[in-house]
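Text of work-v9.tsv, listed as TSV, C-alpha atoms:
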chain	number	residue	atom	x	y	z
A	10	MET	CA	36.32	27.79	-9.46
A	11	THR	CA	34.68	27.51	-6.08
A	12	THR	CA	34.62	24.27	-4.12
A	13	THR	CA	30.94	23.89	-4.98
A	14	ASP	CA	31.67	24.32	-8.70
A	15	THR	CA	34.50	21.81	-8.50
A	16	ASP	CA	32.34	19.23	-6.74
A	17	SER	CA	29.53	19.84	-9.23
A	18	GLY	CA	31.92	19.14	-12.08
A	19	ALA	CA	33.16	15.99	-10.35
A	20	LEU	CA	29.57	14.80	-9.91
A	21	GLU	CA	28.84	15.37	-13.58
A	22	ALA	CA	32.00	13.47	-14.53
A	23	MET	CA	31.02	10.51	-12.34
A	24	LEU	CA	27.50	10.41	-13.76
A	25	ALA	CA	28.84	10.59	-17.31
A	26	HIS	CA	31.29	7.76	-16.65
A	27	HIS	CA	28.54	5.62	-15.16
A	28	ALA	CA	26.39	6.25	-18.24
A	29	ALA	CA	29.27	5.26	-20.53
A	30	LEU	CA	29.92	2.03	-18.59
A	31	ALA	CA	26.25	1.10	-18.53
A	32	ASP	CA	26.00	1.73	-22.27
A	33	GLY	CA	29.12	-0.35	-22.90
A	34	VAL	CA	27.71	-3.30	-20.98
A	35	THR	CA	24.23	-2.96	-22.51
A	36	ARG	CA	25.54	-2.88	-26.09
A	37	ARG	CA	27.75	-5.93	-25.57
A	38	VAL	CA	24.96	-7.88	-23.92
A	39	ALA	CA	22.69	-7.05	-26.88
A	40	ALA	CA	25.39	-8.16	-29.35
A	41	LEU	CA	25.79	-11.49	-27.55
A	42	ARG	CA	22.03	-12.04	-27.41
A	43	ALA	CA	21.71	-11.25	-31.13
A	44	ALA	CA	24.52	-13.69	-32.01
A	45	VAL	CA	22.83	-16.46	-30.05
A	46	GLU	CA	19.43	-15.73	-31.60
A	47	ARG	CA	21.01	-15.91	-35.07
A	48	GLU	CA	22.63	-19.19	-34.04
A	49	ASP	CA	25.86	-17.48	-35.03
A	50	ARG	CA	29.23	-18.04	-33.38
A	51	HIS	CA	28.86	-16.34	-30.01
A	52	GLY	CA	32.42	-16.90	-28.76
A	53	THR	CA	33.65	-13.52	-30.01
A	54	THR	CA	30.79	-11.52	-28.48
A	55	THR	CA	31.12	-13.46	-25.23
A	56	ALA	CA	34.85	-12.73	-25.11
A	57	GLU	CA	34.22	-9.05	-25.86
A	58	LEU	CA	31.76	-8.74	-22.97
A	59	VAL	CA	34.05	-10.62	-20.60
A	60	GLY	CA	36.96	-8.46	-21.72
A	61	TYR	CA	35.00	-5.24	-21.22
A	62	LEU	CA	33.96	-6.27	-17.73
A	63	ALA	CA	37.52	-7.19	-16.84
A	64	LYS	CA	39.17	-4.16	-18.44
A	65	GLU	CA	36.69	-1.40	-17.61
A	66	VAL	CA	33.91	-2.36	-15.20
A	67	LEU	CA	35.69	-4.45	-12.56
A	68	PRO	CA	38.71	-2.11	-12.18
A	69	HIS	CA	36.22	0.75	-11.72
A	70	ALA	CA	34.43	-1.29	-9.04
A	71	VAL	CA	37.72	-1.95	-7.21
A	72	ALA	CA	38.58	1.75	-7.27
A	73	GLU	CA	35.12	2.72	-6.03
A	74	GLU	CA	35.38	0.45	-3.01
A	75	HIS	CA	38.69	2.04	-1.98
A	76	THR	CA	37.53	5.65	-2.45
A	77	LEU	CA	33.88	6.57	-2.97
A	78	TYR	CA	32.45	3.72	-0.93
A	79	GLN	CA	34.81	4.29	1.99
A	80	THR	CA	33.75	7.94	2.07
A	81	ALA	CA	30.06	7.03	1.93
A	82	ALA	CA	30.34	4.20	4.48
A	83	ALA	CA	31.61	6.68	7.07
A	84	LYS	CA	28.11	8.17	7.14
A	85	ALA	CA	25.63	6.18	9.21
A	86	ASP	CA	22.72	6.71	6.84
A	87	LEU	CA	24.70	5.33	3.85
A	88	ALA	CA	26.59	2.45	5.48
A	89	GLY	CA	23.89	-0.13	4.77
A	90	THR	CA	23.51	1.01	1.16
A	91	VAL	CA	27.25	0.78	0.58
A	92	ALA	CA	27.43	-2.73	2.07
A	93	GLY	CA	24.72	-3.86	-0.34
A	94	MET	CA	26.55	-2.33	-3.29
A	95	VAL	CA	29.78	-4.09	-2.35
A	96	ASP	CA	27.81	-7.35	-2.34
A	97	GLU	CA	26.57	-6.50	-5.83
A	98	HIS	CA	30.18	-6.10	-6.96
A	99	ARG	CA	30.90	-9.62	-5.71
A	100	THR	CA	27.82	-10.91	-7.53
A	101	LEU	CA	28.99	-9.18	-10.70
A	102	VAL	CA	32.38	-10.90	-10.48
A	103	SER	CA	30.67	-14.27	-9.97
A	104	LEU	CA	28.39	-13.73	-12.96
A	105	ALA	CA	31.37	-12.72	-15.10
A	106	GLU	CA	33.19	-15.92	-14.14
A	107	ARG	CA	30.12	-17.97	-15.03
A	108	LEU	CA	29.82	-16.17	-18.36
A	109	ALA	CA	33.47	-16.93	-19.14
A	110	THR	CA	32.86	-20.64	-18.58
A	111	ALA	CA	29.38	-20.90	-20.12
A	112	GLY	CA	29.16	-24.09	-22.14
A	113	ASP	CA	26.59	-23.06	-24.75
A	114	GLY	CA	24.98	-20.01	-26.31
A	115	ALA	CA	21.75	-20.11	-24.32
A	116	LEU	CA	23.61	-20.22	-21.03
A	117	ALA	CA	25.98	-17.44	-22.11
A	118	ALA	CA	23.02	-15.26	-23.11
A	119	ALA	CA	21.29	-15.89	-19.77
A	120	GLU	CA	24.40	-14.96	-17.78
A	121	ALA	CA	24.89	-11.87	-19.94
A	122	GLU	CA	21.29	-10.75	-19.38
A	123	ALA	CA	21.77	-11.13	-15.61
A	124	ILE	CA	24.96	-9.07	-15.80
A	125	GLY	CA	23.24	-6.32	-17.79
A	126	GLU	CA	20.24	-6.10	-15.47
A	127	LEU	CA	22.39	-6.09	-12.33
A	128	PHE	CA	24.85	-3.49	-13.56
A	129	VAL	CA	22.25	-1.05	-14.90
A	130	ALA	CA	20.30	-1.24	-11.63
A	131	HIS	CA	23.55	-0.93	-9.64
A	132	VAL	CA	24.58	2.23	-11.48
A	133	ALA	CA	21.12	3.78	-11.04
A	134	LYS	CA	21.24	3.05	-7.30
A	135	GLU	CA	24.65	4.66	-6.99
A	136	ASN	CA	23.55	7.69	-8.98
A	137	GLU	CA	20.38	8.18	-6.92
A	138	LEU	CA	21.30	7.04	-3.39
A	139	VAL	CA	25.03	7.57	-2.95
A	140	LEU	CA	26.31	10.41	-5.09
A	141	PRO	CA	23.71	13.16	-4.33
A	142	PRO	CA	24.20	13.06	-0.52
A	143	LEU	CA	27.97	13.16	-0.91
A	144	ALA	CA	27.81	16.04	-3.39
A	145	ALA	CA	25.61	17.99	-0.98
A	146	ASP	CA	27.94	17.39	2.00
A	147	GLU	CA	30.36	20.31	2.39
A	148	THR	CA	32.79	18.12	4.33
A	149	VAL	CA	33.29	15.80	1.36
A	150	ASP	CA	35.78	16.78	-1.35
A	151	LEU	CA	34.17	14.94	-4.22
A	152	ALA	CA	36.73	16.23	-6.71
A	153	ALA	CA	39.58	14.73	-4.66
A	154	VAL	CA	37.70	11.43	-4.44
A	155	LEU	CA	37.34	11.44	-8.24
A	156	VAL	CA	41.06	12.03	-8.78
A	157	GLN	CA	41.98	9.20	-6.43
A	158	MET	CA	39.42	6.91	-8.05
A	159	HIS	CA	40.90	7.54	-11.50
A	160	ARG	CA	44.38	6.75	-10.21
A	161	LEU	CA	43.26	3.50	-8.63
A	162	THR	CA	41.26	2.52	-11.71
A	163	GLU	CA	44.36	2.88	-13.86
A	164	ALA	CA	46.37	0.85	-11.35
A	165	ALA	CA	43.75	-1.89	-11.29
A	166	GLN	CA	43.82	-2.00	-15.11
A	167	ASP	CA	47.61	-2.44	-15.15
A	168	GLU	CA	48.73	-5.79	-13.79
A	169	THR	CA	52.34	-4.58	-13.67
A	170	ALA	CA	51.55	-1.53	-11.54
A	171	VAL	CA	52.20	-1.58	-7.82
A	172	ALA	CA	49.48	0.27	-5.94
A	173	GLU	CA	49.26	0.10	-2.20
A	174	ASP	CA	45.49	0.52	-2.26
A	175	VAL	CA	44.77	-2.21	-4.78
A	176	THR	CA	45.19	-5.81	-3.64
A	177	THR	CA	42.75	-7.44	-6.05
A	178	PRO	CA	44.54	-9.47	-8.78
A	179	GLY	CA	44.05	-8.46	-12.42
A	180	ALA	CA	40.43	-9.32	-13.13
A	181	GLU	CA	40.89	-9.64	-16.88
A	182	ALA	CA	43.73	-12.12	-16.44
A	183	THR	CA	41.64	-14.08	-13.93
A	184	LEU	CA	38.69	-14.28	-16.29
A	185	LEU	CA	40.95	-15.29	-19.16
A	186	ARG	CA	42.39	-18.05	-16.99
A	187	LEU	CA	38.86	-19.29	-16.35
A	188	LEU	CA	38.00	-19.17	-20.03
A	189	LEU	CA	41.13	-21.13	-20.97
A	190	GLY	CA	40.29	-23.64	-18.25
A	191	ALA	CA	36.90	-24.08	-19.90
A	192	THR	CA	38.55	-24.69	-23.29
A	193	GLY	CA	40.74	-27.34	-21.68
A	194	GLN	CA	37.65	-29.07	-20.33
A	195	LEU	CA	36.04	-28.94	-23.77
A	196	ALA	CA	39.15	-30.49	-25.32
A	197	ASP	CA	39.20	-33.23	-22.66
A	198	ALA	CA	35.59	-34.01	-23.55
A	199	GLY	CA	36.55	-34.57	-27.18
A	200	ARG	CA	35.41	-31.15	-28.41
A	201	GLY	CA	38.84	-29.93	-29.45
A	202	ASP	CA	37.68	-27.95	-32.48
A	203	VAL	CA	35.15	-25.95	-30.42
A	204	ALA	CA	37.83	-25.37	-27.77
A	205	CYS	CA	40.31	-24.08	-30.34
A	206	LYS	CA	37.77	-21.75	-31.94
A	207	LEU	CA	36.77	-20.28	-28.58
A	208	ALA	CA	40.41	-19.75	-27.59
A	209	ALA	CA	41.14	-18.10	-30.95
A	210	GLU	CA	38.17	-15.76	-30.55
A	211	ALA	CA	39.35	-14.83	-27.04
A	212	TRP	CA	42.77	-14.13	-28.52
A	213	ALA	CA	41.24	-11.81	-31.12
A	214	ALA	CA	39.37	-9.92	-28.38
A	215	VAL	CA	42.48	-9.23	-26.26
A	216	ARG	CA	45.18	-9.12	-28.93
A	217	VAL	CA	45.44	-5.34	-29.29
A	218	ALA	CA	44.39	-4.17	-25.81
A	219	ARG	CA	46.34	-6.79	-23.84
A	220	PRO	CA	49.15	-8.28	-25.98
A	221	GLU	CA	50.71	-10.00	-22.96
A	222	LEU	CA	47.47	-11.93	-22.43
A	223	ALA	CA	47.26	-12.70	-26.15
A	224	VAL	CA	50.64	-14.44	-25.91
A	225	ARG	CA	49.22	-16.60	-23.12
A	226	VAL	CA	46.22	-17.55	-25.26
A	227	THR	CA	48.49	-18.43	-28.18
A	228	ALA	CA	50.44	-20.81	-25.96
A	229	ALA	CA	47.20	-22.42	-24.77
A	230	LEU	CA	46.02	-22.77	-28.36
A	231	HIS	CA	49.17	-24.70	-29.24
A	232	ARG	CA	48.32	-27.17	-26.49
A	233	LEU	CA	44.68	-27.43	-27.51
A	234	VAL	CA	45.35	-28.36	-31.14
A	235	ARG	CA	47.19	-31.47	-29.94
A	236	ALA	CA	44.17	-32.69	-27.97
A	237	PRO	CA	42.20	-35.58	-29.49
A	238	THR	CA	38.78	-34.58	-30.80
A	239	ALA	CA	35.63	-36.63	-31.32
A	240	GLU	CA	34.17	-34.11	-33.76
A	241	PRO	CA	35.09	-33.11	-37.31
A	242	VAL	CA	37.47	-30.16	-37.54
A	243	ALA	CA	35.68	-27.53	-39.60
A	244	LEU	CA	38.27	-24.93	-40.55
A	245	LEU	CA	37.03	-22.25	-42.91
A	246	THR	CA	39.06	-20.19	-45.34
A	247	GLY	CA	38.88	-17.60	-48.05
A	248	PRO	CA	39.21	-18.53	-51.75
A	249	LEU	CA	42.00	-21.02	-52.47
A	250	SER	CA	44.71	-20.44	-55.04
A	251	PRO	CA	44.30	-22.40	-58.28
A	252	THR	CA	46.91	-25.08	-57.58
A	253	PRO	CA	49.58	-25.73	-54.95
A	254	SER	CA	52.31	-25.58	-57.58
A	255	ALA	CA	51.21	-22.13	-58.71
A	256	ALA	CA	50.98	-21.01	-55.11
A	257	ALA	CA	54.52	-22.19	-54.39
A	258	ASP	CA	55.98	-19.78	-56.93
A	259	ALA	CA	54.18	-16.68	-55.66
A	260	GLY	CA	54.90	-14.46	-52.70
A	261	ALA	CA	57.90	-13.56	-50.57
A	262	VAL	CA	59.15	-15.99	-47.94
A	263	LEU	CA	58.70	-15.36	-44.21
A	264	ASP	CA	60.79	-17.83	-42.23
A	265	VAL	CA	59.88	-17.52	-38.54
A	266	ARG	CA	61.98	-20.41	-37.26
A	267	ALA	CA	64.67	-18.05	-35.98
A	268	LEU	CA	62.17	-15.95	-34.00
A	269	ALA	CA	61.23	-16.52	-30.37
A	270	PRO	CA	57.88	-18.37	-30.19
A	271	ALA	CA	56.21	-15.39	-28.48
A	272	GLU	CA	57.14	-13.14	-31.42
A	273	ARG	CA	56.11	-15.38	-34.29
A	274	HIS	CA	52.36	-14.87	-34.49
A	275	GLU	CA	52.44	-11.07	-34.21
A	276	THR	CA	55.16	-10.94	-36.88
A	277	ILE	CA	53.06	-13.12	-39.18
A	278	PHE	CA	49.97	-10.97	-38.68
A	279	ALA	CA	51.98	-7.80	-39.28
A	280	THR	CA	53.24	-9.27	-42.55
A	281	TYR	CA	49.69	-10.20	-43.56
A	282	GLY	CA	48.49	-6.71	-42.60
A	283	ALA	CA	50.97	-5.15	-45.02
A	284	LEU	CA	49.86	-7.27	-47.98
A	285	GLY	CA	48.18	-5.61	-50.90
A	286	SER	CA	45.11	-7.05	-52.60
A	287	GLY	CA	45.99	-10.31	-54.34
A	288	ALA	CA	49.44	-10.53	-52.71
A	289	ALA	CA	50.76	-13.37	-50.57
A	290	PHE	CA	53.76	-14.66	-48.66
A	291	VAL	CA	55.05	-18.15	-47.91
A	292	LEU	CA	55.28	-18.94	-44.21
A	293	VAL	CA	58.06	-21.32	-43.16
A	294	ASN	CA	57.74	-22.85	-39.69
A	295	ASP	CA	59.13	-25.71	-37.63
A	296	HIS	CA	55.72	-27.04	-36.57
A	297	ASP	CA	52.23	-27.35	-37.98
A	298	PRO	CA	50.81	-23.78	-37.93
A	299	LYS	CA	47.28	-24.99	-37.16
A	300	PRO	CA	46.95	-22.68	-34.09
A	301	LEU	CA	47.72	-19.75	-36.37
A	302	ARG	CA	45.02	-20.92	-38.78
A	303	TYR	CA	42.40	-20.74	-36.01
A	304	GLN	CA	43.56	-17.21	-35.19
A	305	PHE	CA	43.29	-16.13	-38.82
A	306	GLU	CA	39.73	-17.43	-38.93
A	307	ALA	CA	38.85	-15.58	-35.72
A	308	GLU	CA	40.18	-12.26	-37.00
A	309	HIS	CA	40.14	-12.44	-40.81
A	310	GLN	CA	37.47	-14.97	-41.75
A	311	GLY	CA	36.76	-14.85	-45.48
A	312	ARG	CA	39.61	-12.38	-46.08
A	313	PHE	CA	42.59	-14.71	-46.43
A	314	THR	CA	43.79	-17.70	-48.42
A	315	TRP	CA	45.74	-20.62	-47.01
A	316	ASP	CA	47.53	-23.25	-49.10
A	317	VAL	CA	49.63	-25.97	-47.51
A	318	LEU	CA	52.81	-26.41	-49.55
A	319	GLU	CA	54.77	-28.69	-47.22
A	320	ALA	CA	53.55	-30.56	-44.14
A	321	GLY	CA	56.49	-31.74	-42.05
A	322	PRO	CA	57.87	-33.66	-40.44
A	323	SER	CA	60.64	-31.05	-39.97
A	324	VAL	CA	59.44	-28.08	-42.02
A	325	TRP	CA	55.96	-26.71	-42.69
A	326	ARG	CA	55.31	-24.22	-45.50
A	327	ALA	CA	51.99	-22.47	-46.11
A	328	ARG	CA	51.16	-19.76	-48.62
A	329	ILE	CA	49.04	-17.09	-46.90
A	330	GLY	CA	47.43	-14.47	-49.09
A	331	ARG	CA	44.91	-11.69	-49.29
A	332	PRO	CA	42.21	-12.35	-51.94
A	333	ALA	CA	42.24	-10.12	-55.00
A	334	ASP	CA	39.12	-8.35	-53.80
A	335	ALA	CA	39.10	-4.62	-53.14
A	336	SER	CA	36.46	-4.79	-50.41
A	337	ALA	CA	38.36	-7.50	-48.51
A	338	GLY	CA	41.55	-5.49	-48.71
A	339	ALA	CA	39.88	-2.32	-47.54
A	340	GLU	CA	38.29	-4.09	-44.58
A	341	ALA	CA	41.49	-5.75	-43.49
A	342	THR	CA	43.91	-2.84	-43.86
A	343	GLY	CA	41.74	0.22	-43.50
A	344	THR	CA	43.00	1.48	-46.89
A	345	PRO	CA	41.05	1.99	-50.12
A	346	GLY	CA	41.10	-0.85	-52.64
A	347	GLY	CA	44.29	-0.65	-54.70
A	348	ALA	CA	46.10	1.61	-52.24
A	349	GLU	CA	49.27	0.44	-50.56
A	350	PRO	CA	48.61	-1.19	-47.19
A	351	GLU	CA	49.32	0.53	-43.89
A	352	LEU	CA	51.37	-0.96	-41.05
A	353	ASP	CA	50.25	0.83	-37.89
A	354	VAL	CA	52.80	-0.10	-35.22
A	355	ARG	CA	51.35	2.09	-32.48
A	356	ARG	CA	49.56	-0.90	-30.97
A	357	PHE	CA	52.84	-2.82	-30.54
A	358	PRO	CA	55.18	-2.46	-27.55
A	359	HIS	CA	58.12	-0.20	-28.43
A	360	GLY	CA	60.64	-3.02	-28.08
A	361	ARG	CA	58.94	-5.05	-30.83
A	362	ARG	CA	58.13	-2.39	-33.41
A	363	HIS	CA	61.37	-2.42	-35.39
A	364	ASP	CA	61.39	-6.22	-35.71
A	365	VAL	CA	57.85	-6.15	-37.10
A	366	ILE	CA	58.74	-3.37	-39.56
A	367	PHE	CA	61.83	-5.17	-40.88
A	368	THR	CA	59.94	-8.45	-41.18
A	369	THR	CA	57.25	-6.66	-43.19
A	370	PHE	CA	59.90	-5.09	-45.45
A	371	ASP	CA	61.62	-8.45	-45.96
A	372	ALA	CA	58.32	-9.90	-47.23
A	373	LEU	CA	57.83	-7.17	-49.87
A	374	ALA	CA	58.03	-7.98	-53.54
A	375	GLU	CA	60.24	-5.77	-55.71
A	376	GLY	CA	58.62	-2.42	-56.39
A	377	ALA	CA	56.06	-2.88	-53.61
A	378	GLY	CA	55.78	-0.84	-50.46
A	379	PHE	CA	53.77	-0.11	-47.36
A	380	VAL	CA	52.89	2.97	-45.31
A	381	LEU	CA	54.34	2.95	-41.81
A	382	VAL	CA	52.18	4.70	-39.18
A	383	ASN	CA	53.93	5.66	-35.94
A	384	ASP	CA	53.52	7.97	-32.94
A	385	HIS	CA	57.01	9.51	-33.23
A	386	ASP	CA	59.49	10.43	-35.95
A	387	PRO	CA	61.00	7.08	-37.04
A	388	LYS	CA	64.43	8.60	-37.69
A	389	PRO	CA	66.25	5.87	-35.65
A	390	LEU	CA	64.60	3.30	-37.91
A	391	ARG	CA	65.89	5.19	-40.95
A	392	TYR	CA	69.48	4.82	-39.74
A	393	GLN	CA	68.89	1.09	-39.29
A	394	PHE	CA	67.55	0.81	-42.85
A	395	GLU	CA	70.65	2.62	-44.11
A	396	ALA	CA	72.89	0.18	-42.25
A	397	GLN	CA	71.04	-2.93	-43.39
A	398	HIS	CA	69.40	-2.10	-46.73
A	399	ALA	CA	71.37	0.81	-48.21
A	400	GLY	CA	70.35	1.36	-51.84
A	401	CYS	CA	67.59	-1.27	-51.65
A	402	TYR	CA	64.76	0.78	-50.15
A	403	SER	CA	62.86	4.04	-50.59
A	404	TRP	CA	61.69	6.34	-47.78
A	405	ASP	CA	59.10	9.08	-48.27
A	406	TYR	CA	57.48	11.12	-45.50
A	407	LEU	CA	53.73	11.49	-46.05
A	408	GLU	CA	52.92	13.06	-42.68
A	409	ALA	CA	55.37	14.45	-40.13
A	410	GLY	CA	53.70	14.90	-36.74
A	411	PRO	CA	53.18	16.33	-34.31
A	412	ASP	CA	51.04	13.34	-33.23
A	413	VAL	CA	51.22	10.94	-36.17
A	414	TRP	CA	54.03	10.15	-38.60
A	415	ARG	CA	53.35	8.31	-41.86
A	416	VAL	CA	56.22	7.08	-44.04
A	417	ARG	CA	56.00	5.16	-47.28
A	418	ILE	CA	58.72	2.47	-47.27
A	419	GLY	CA	59.32	0.55	-50.49
A	420	ARG	CA	61.64	-2.09	-51.94
A	421	SER	CA	63.62	-0.94	-54.95
A	422	VAL	CA	63.23	-2.86	-58.19
A	423	GLY	CA	66.09	-5.23	-58.86
A	424	ARG	CA	67.52	-4.89	-55.33
A	425	ARG	CA	67.05	-7.37	-52.50
Output the structure of this file as structure tokens.
Amino acid sequence: MTTTDTDSGALEAMLAHHAALADGVTRRVAALRAAVEREDRHGTTTAELVGYLAKEVLPHAVAEEHTLYQTAAAKADLAGTVAGMVDEHRTLVSLAERLATAGDGALAAAEAEAIGELFVAHVAKENELVLPPLAADETVDLAAVLVQMHRLTEAAQDETAVAEDVTTPGAEATLLRLLLGATGQLADAGRGDVACKLAAEAWAAVRVARPELAVRVTAALHRLVRAPTAEPVALLTGPLSPTPSAAADAGAVLDVRALAPAERHETIFATYGALGSGAAFVLVNDHDPKPLRYQFEAEHQGRFTWDVLEAGPSVWRARIGRPADASAGAEATGTPGGAEPELDVRRFPHGRRHDVIFTTFDALAEGAGFVLVNDHDPKPLRYQFEAQHAGCYSWDYLEAGPDVWRVRIGRSVGRR
């Protein structure tokens, strides 16, 4: 390719990325506005917009300022334009912070609309006033600028990365800190239930993409549930089991007291994710699992059952189940009604995958199984199963790479 062809391709890539970002913001703003107009819970859509800004838009803005904008600012006829666009980045950050701390739906919708209007206009200005002159300038290597911008965007998205060109702290973590500060203020004002629900919805929004931030939200949620509240606590749930006594006899036992606090909630959700329709497990904990209940409602509202079997003071036991409803099971697990559930561990850090898998196996009833989905051949796991559960499990490859491995793991009948 010639230099001109390379720069033309880089220009097209930049324009396409801008279009994707603008569409992502516009769709999330529309979803938030629709939730507010329906008088529906807007916490989830607010958290999704804040998360998208922090994960995608703001890191892109940081990278632009260190690459594209520096190149453009060196040209006298673009310096003023670039200065104005940097100011718009600062305004965008301020609006995002205000959105994260918005106290009601109307205010959240107004801040979101301002964000959408600003960002769409900002992208159009960049596409029309900045990129064409740079693409036409033979002294500018637009392709090299694009490569550097991608590298810095990735660095800005990774709080653990050390990048000499990026000095801005993780924007998503900053916005989450602001949001949790707002929940603390709500709790102090006697609105503890609202605070807990908002924190749980923020947790659901970041749980998969940023598990380290989700752990932080879980810790905050444990503090929030202890705050006094001047309003009725309105927890929702799926269908209840017929009676507590019947519930006590059904389901495997998951005792998380021996696990580190940071590992408990993900292990519990992995166990729930592997449940078949109508199945359940009994959670045993050393404190009231009320924070977990808020998280279940944020992520699985209407698709779980919750029966308190024992309520302290030293031990808490709750039966958590999946309703015997094919549509609920399909929605929660991504598997057809009646099919064995899938446990996709690709979203978990490598160091935690095996613990989640063994916890899920331990919760299986005799004759039941689940389908493990992984991004590499789980042969090391097979050796561990042989060492710990020889003769008590089955192992059947359903798909063997090269990108995805699927293994059906079952508990043998009469062996535990």
For this session: Excluding Arg107 in chain A and residues on its chain fewer than 3 positions from it, collect all residues at most 10 Å away from it, counting all atoms listed in the file, and give them as a PyMOL selection string.
Result: chain A and resi 101-104+110-112+116-117+120-121+184+187-188
Exercise. What separation in Å, quoted to one decimal, exists between CA of Gln304 in chain A and CA of Glu349 in chain A?
Worked result: 24.1 Å
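Restricting the calculation to all atoms listed in the file, the smallest distance between Gly114 in chain A and any of A:Asp405, A:Glu46, A:Glu73, A:Glu306 is found for A:Glu46.
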Problem set entry | Given all atoms listed in the file as the counted atoms, nearest of A:Ile418, A:Ala81, A:Ala409, A:Ala214 to Ala307 in chain A | A:Ala214
Problem set entry | Residue neighbourhood Val149 in chain A, 8 Å, all atoms listed in the file, exclusion window fewer than 5 positions, as a list in words | Thr80, Leu143 and Ala144 of chain A
Exercise. What is the distance between CA of Pro298 in chain A and CA of Ile366 in chain A, in Å to one decimal?
Worked result: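 Computed distance, CA of Pro298 in chain A to CA of Ile366 in chain A, equals 22.0 Å.
For Val422 in chain A, the list of residues within 10 Å, based on only C-alpha atoms and with local chain neighbours fewer than 2 positions off taken out, reads Ala374, Glu375, Gly376, Ala377, Cys401, Tyr402, Gly419, Arg420, Arg424 and Arg425 of chain A.
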Output of the above residues as a compact mmCIF listing (two decimals), in the coordinates of the input, restricted to C-alpha atoms:
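Once everything was written out, this is selection37.txt:
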# COMPACT_ATOMS: atom_id res chain seq x y z
CA ALA A 374 58.03 -7.98 -53.54
CA GLU A 375 60.24 -5.77 -55.71
CA GLY A 376 58.62 -2.42 -56.39
CA ALA A 377 56.06 -2.88 -53.61
CA CYS A 401 67.59 -1.27 -51.65
CA TYR A 402 64.76 0.78 -50.15
CA GLY A 419 59.32 0.55 -50.49
CA ARG A 420 61.64 -2.09 -51.94
CA ARG A 424 67.52 -4.89 -55.33
CA ARG A 425 67.05 -7.37 -52.50
For this session: Between A:Arg391, A:Asp353, A:Phe370, A:Ser286, single out the one closest to Ser421 in chain A, counting only C-alpha atoms.
Result: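 Once distances to Ser421 in chain A are computed over only C-alpha atoms, the minimum belongs to A:Phe370.
Relative to CA of Gly400 in chain A, CA of Arg362 in chain A is found at 22.4 Å.
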Test item: residues at most 8 Å from Val413 in chain A, all atoms listed in the file, excluding those fewer than 4 positions along its chain, as a short mmCIF file (atom, residue, chain, number, x, y, z; two decimals) with C-alpha atoms, keeping the file's coordinate frame:
data_model
loop_
_atom_site.label_atom_id
_atom_site.label_comp_id
_atom_site.auth_asym_id
_atom_site.auth_seq_id
_atom_site.Cartn_x
_atom_site.Cartn_y
_atom_site.Cartn_z
CA VAL A 382 52.18 4.70 -39.18
CA ASN A 383 53.93 5.66 -35.94
CA ASP A 384 53.52 7.97 -32.94
CA HIS A 385 57.01 9.51 -33.23
CA GLU A 408 52.92 13.06 -42.68
CA ALA A 409 55.37 14.45 -40.13
#
Exercise. Between A:His27, A:Asp264, A:Arg302, A:Asn294, which is the closest to Ala320 in chain A once you count all atoms listed in the file?
Worked result: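 Closest to Ala320 in chain A of all the choices is A:Asn294.
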Problem set entry | Contact residues around Arg232 in chain A with all atoms listed in the file at 10 Å, ignoring same-chain residues under 3 positions, as JSON, numbers by chain | {"A": [193, 196, 205, 226, 227, 228, 229, 235, 236, 300]}
For this session: Point out the residue among A:Leu373, A:Ala43, A:Arg37, A:Asn136 with the least atom-to-atom distance to Ala25 in chain A, counting all atoms listed in the file.
Result: A:Asn136
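Ranking A:Arg331, A:Ala118, A:Asp371, A:Val71 by their shortest atom-to-atom distance to Ala39 in chain A, with all atoms listed in the file included, puts A:Ala118 first.
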Assuming 3 Å of padding per side, give the centre and edge lengths of the axis-aligned box around every listed atom of range 122-140 of chain A, in Å to one decimal and as AutoDock Vina command-line options.
--center_x 23.3 --center_y -0.4 --center_z -11.2 --size_x 12.1 --size_y 27.5 --size_z 22.4
